[in-house]
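Step one of this worksheet: look at the structure below.
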Amino acid sequence: MGNLRWLAVLPFLGLVVGPFFVNRVTPYVLGMPFLLAWIVVWIILTAIIMTVIYRADPANREDAQ
Amino acid sequence: MNAALALIALAAIVALVLGFLAKRGKDMNLEQWTVGGRGFGAIFVFLLLAGEIYTTFTFLGGSGFAYGKGAPTYYILAYGTLAYVISYFLLPPIWRYAKKYGLYSQSDFFVHKYGSTSLGVLVSVVGIIALVPYLVLQFKGLGIIVETAGYGAIASTPAIWIGAAVVTAYVMVSGVHGSAWVAVVKDTLILSIVIFLGLYLPYHYYGGLEPMFTAIDKAQPGFTVLPAHGQSLWWYASTVLLTALGFFMWPHSFGSVYTARNERVFRKNAILLPLYQLILLFVFFVGFAAILQVPGLKGPDIDLALFKLSAKSFAPWFVGIIGATGVLTALVPGSMILMTAATLIANNIYRAFHKSADDRQVSRLAKLLVPVVALVAVYFTLQGGETIVALLLMGYSFVTQLFPSVVLSLAKKNLATREGAFAGIIAGVATVAAISLTHTTIGTLFPSLPAAIRELNVGIIALVVNIVVLVLVSLATQRVIAEGAGFSGVSAQDRS
């Protein structure tokens, strides 16, 4: 665990800082304006990142608690 | 009565019946009534938390905001996702602490952590102030649904009264158990309805998503990206941060944390809930589809976008199903909010001044207060004037002021003193109140500042004021304690 916890910073970079660099309509991705598609992709990445953190966290093992 | 209204009435009756059934066979003491006996597993806590998220706010407010403002509505997708990331680390320690000391409410948490009853009262007052606009927006949503789905048969004022009466009856009967059961029904319905509408409407009217967004961009260039001024990138970033931090500071969200069976529930939900956020995308598509189909809605009327477009596109029976779903999205959070506000007044304000009151008396008072709180909210609903999103953002600006003192109190050595926490919360809330009441923005106060700062969400400014005051007062009061202890040698602060 330990260092993997810091992965949780990435969603903040992607969703708060990221839009400053991708605030544009084109190219359309999956029919959505680029900015909206960027946010959607980061939501999916966030779920993946949280899965990695969850798996690595010893507090979530079956014998814990 | 038309088909739409009949279906909506049926939904309200089913919700009430489920509420009655959930109560049967359970002894309704204060702990049962408010925190479900602390026995809910991942699914129920998921639904309770999600139930609060998929409210009238998202259903009508989210689509209305997309219709009226465009890209700024994307903030709703981002803040929920970040709030769940925070929840992974924030909720387990709160839950452990609450279980250890048998806490019922958010303000109990402050009372225990800071050893101060008056801080508990302050936190309750802040919570109640923030909950009122939240409850108002649910009632406003109910009014819109019944009025629009009734095709004018029922005016919005009686519609709001009917909605408030149903919510009140529901809470008084069943407490949180009822909320969880109706949440199950509601989530199934809203998932199917929203995905269907979000896919069908863009294809039906434009032939797909990309043609729809291209048409919108042609009619109103730049509408689907954040504007250079006003609700700009800086507004977006500060609003996302403010609302992500405030997410679990609502008294009722804090309260539903206590309903979990164990702490792993929250960590598991931190994986699933971000994906659940994506349902909002379809809500936005409905709002965007409405722009060119039902043009001309202005001001608070933008919240009507989803229903106006539905009424234009579908037969009354189907509008009725959408309306029934909408009623449930207002009932679940509405009942949670009402119950929380009533419990706060009875348990954390009344009891702070009447220490001898026992659980039974407090529980009875809480039930009596439910209709009182509902009446206050109906009063403000009938005053009108704000959009649903504006109402929620106002509430968020208030509750987020509790975040610094909650987080600091979870550290091994709490840097905030009780005086510091008290002063910080007061300073933050006073800043929000002053700014909202006078309708100022940072821009009108300090027109010479760079645009980046002028466009920040006012709640963030208040949060900065809050933290500065908290730190200064904590440093000052800590020194007093250290000096007081200094007479008998080395104080605890000096050693560490």
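To be explicit about the labels: the chains of the structure tokens are called A, B, and onward in the order shown, and within each one the residues are counted from 1, while ligands get numbers from 1 in the order they are shown.
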Exercise. Could you list, as a VMD selection string, every residue of chain B that has an atom within 8 Å of an atom of chain A, counting only C-alpha atoms?
Worked result: chain B and resid 74 77 to 78 81 to 82 85 208 to 211 213 222 224 to 226 233 236 to 237 240 to 241 264 267 to 268 270 to 272 274 to 275 278
Grab the residues selected above and save them as a tab-separated table (two decimals), in the first residue's frame with N, CA and C atoms.
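Contents of the output file result-v4.tsv:
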```tsv
chain	number	residue	atom	x	y	z
B	74	TYR	N	-21.11	20.61	-16.42
B	74	TYR	CA	-20.18	19.48	-16.31
B	74	TYR	C	-19.59	19.37	-14.91
B	77	LEU	N	-20.66	16.36	-12.83
B	77	LEU	CA	-20.00	15.07	-13.05
B	77	LEU	C	-18.71	14.97	-12.26
B	78	ALA	N	-17.92	16.06	-12.28
B	78	ALA	CA	-16.58	16.01	-11.71
B	78	ALA	C	-16.60	15.99	-10.18
B	81	THR	N	-17.47	12.60	-8.44
B	81	THR	CA	-16.38	11.63	-8.60
B	81	THR	C	-15.27	11.91	-7.59
B	82	LEU	N	-14.86	13.17	-7.47
B	82	LEU	CA	-13.78	13.50	-6.54
B	82	LEU	C	-14.22	13.31	-5.09
B	85	VAL	N	-13.52	9.81	-4.12
B	85	VAL	CA	-12.09	9.58	-3.87
B	85	VAL	C	-11.77	10.02	-2.44
B	208	GLY	N	-28.51	11.74	-33.62
B	208	GLY	CA	-27.33	11.27	-32.89
B	208	GLY	C	-26.74	12.36	-32.01
B	209	LEU	N	-25.73	11.96	-31.23
B	209	LEU	CA	-25.13	12.90	-30.29
B	209	LEU	C	-24.31	13.97	-31.02
B	210	GLU	N	-23.44	13.50	-31.92
B	210	GLU	CA	-22.56	14.48	-32.57
B	210	GLU	C	-23.36	15.49	-33.41
B	211	PRO	N	-24.36	15.03	-34.19
B	211	PRO	CA	-25.19	16.03	-34.90
B	211	PRO	C	-25.86	17.01	-33.93
B	213	PHE	N	-24.76	18.02	-30.87
B	213	PHE	CA	-23.80	18.99	-30.35
B	213	PHE	C	-23.32	19.95	-31.44
B	222	GLY	N	-19.64	27.98	-28.79
B	222	GLY	CA	-18.96	27.97	-27.49
B	222	GLY	C	-19.84	27.56	-26.33
B	224	THR	N	-20.93	24.63	-25.52
B	224	THR	CA	-20.60	23.32	-24.95
B	224	THR	C	-19.17	23.27	-24.38
B	225	VAL	N	-18.51	24.42	-24.30
B	225	VAL	CA	-17.25	24.51	-23.55
B	225	VAL	C	-17.39	25.65	-22.54
B	226	LEU	N	-16.46	25.70	-21.58
B	226	LEU	CA	-16.59	26.72	-20.54
B	226	LEU	C	-16.29	28.10	-21.13
B	233	LEU	N	-13.45	28.72	-16.54
B	233	LEU	CA	-12.62	27.64	-16.01
B	233	LEU	C	-12.33	27.83	-14.52
B	236	TYR	N	-15.38	26.95	-12.62
B	236	TYR	CA	-15.51	25.49	-12.66
B	236	TYR	C	-14.59	24.83	-11.63
B	237	ALA	N	-13.28	25.19	-11.68
B	237	ALA	CA	-12.32	24.52	-10.81
B	237	ALA	C	-12.64	24.79	-9.34
B	240	VAL	N	-15.90	22.88	-8.35
B	240	VAL	CA	-15.69	21.44	-8.21
B	240	VAL	C	-15.01	21.15	-6.86
B	241	LEU	N	-13.99	21.92	-6.53
B	241	LEU	CA	-13.29	21.69	-5.27
B	241	LEU	C	-14.20	21.93	-4.07
B	264	ARG	N	-15.55	-1.18	5.59
B	264	ARG	CA	-15.16	-1.56	4.24
B	264	ARG	C	-16.22	-1.15	3.22
B	267	ARG	N	-15.17	1.90	1.37
B	267	ARG	CA	-14.06	1.75	0.43
B	267	ARG	C	-14.56	1.08	-0.85
B	268	LYS	N	-15.45	0.09	-0.67
B	268	LYS	CA	-16.01	-0.59	-1.83
B	268	LYS	C	-16.83	0.40	-2.66
B	270	ALA	N	-16.44	3.49	-2.96
B	270	ALA	CA	-15.61	4.49	-3.63
B	270	ALA	C	-15.21	4.03	-5.03
B	271	ILE	N	-15.29	2.73	-5.28
B	271	ILE	CA	-15.00	2.21	-6.62
B	271	ILE	C	-16.24	2.33	-7.51
B	272	LEU	N	-17.40	1.95	-6.95
B	272	LEU	CA	-18.61	1.85	-7.77
B	272	LEU	C	-19.27	3.19	-8.04
B	274	PRO	N	-18.23	6.33	-8.55
B	274	PRO	CA	-17.83	7.19	-9.67
B	274	PRO	C	-18.49	6.75	-10.98
B	275	LEU	N	-18.60	5.43	-11.20
B	275	LEU	CA	-19.22	4.96	-12.44
B	275	LEU	C	-20.70	5.31	-12.47
B	278	LEU	N	-21.91	8.46	-14.04
B	278	LEU	CA	-22.05	8.61	-15.48
B	278	LEU	C	-23.50	8.68	-15.94
```
For this session: Could you give me the residues within chain A that DSSP places in alpha helix (DSSP H), as a PyMOL selection string?
Result: chain A and resi 10-12+34-56
The selected residues should be written to file as a compact mmCIF listing (two decimals), in the first residue's frame (atoms: C-alpha atoms).
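The resulting result_10.txt:
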```
# COMPACT_ATOMS: atom_id res chain seq x y z
CA LEU A 10 -4.46 11.80 -10.18
CA PRO A 11 -8.26 12.26 -10.41
CA PHE A 12 -7.87 15.77 -8.98
CA PHE A 34 -13.88 17.18 -26.35
CA LEU A 35 -14.10 18.77 -22.88
CA LEU A 36 -17.08 16.61 -21.89
CA ALA A 37 -15.42 13.45 -23.26
CA TRP A 38 -12.27 14.28 -21.27
CA ILE A 39 -14.29 14.45 -18.04
CA VAL A 40 -16.08 11.17 -18.84
CA VAL A 41 -12.79 9.37 -19.52
CA TRP A 42 -11.39 10.63 -16.21
CA ILE A 43 -14.39 9.32 -14.31
CA ILE A 44 -13.72 5.84 -15.71
CA LEU A 45 -10.00 6.19 -14.91
CA THR A 46 -10.95 7.21 -11.36
CA ALA A 47 -12.91 4.00 -10.87
CA ILE A 48 -9.89 2.02 -12.09
CA ILE A 49 -7.51 3.94 -9.81
CA MET A 50 -9.77 3.36 -6.81
CA THR A 51 -9.88 -0.36 -7.63
CA VAL A 52 -6.07 -0.49 -7.60
CA ILE A 53 -5.94 1.33 -4.27
CA TYR A 54 -8.65 -0.93 -2.82
CA ARG A 55 -6.86 -4.12 -3.86
CA ALA A 56 -3.54 -2.94 -2.43
```
Exercise. Which residue out of B:Ala289, B:Leu475, B:Leu328, B:Val378 has the minimum interatomic distance to Ser310 (chain B) when only C-alpha atoms are used?
Worked result: B:Ala289
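CA of Ala423 (chain B) lies 24.0 Å from CA of Tyr97 (chain B).
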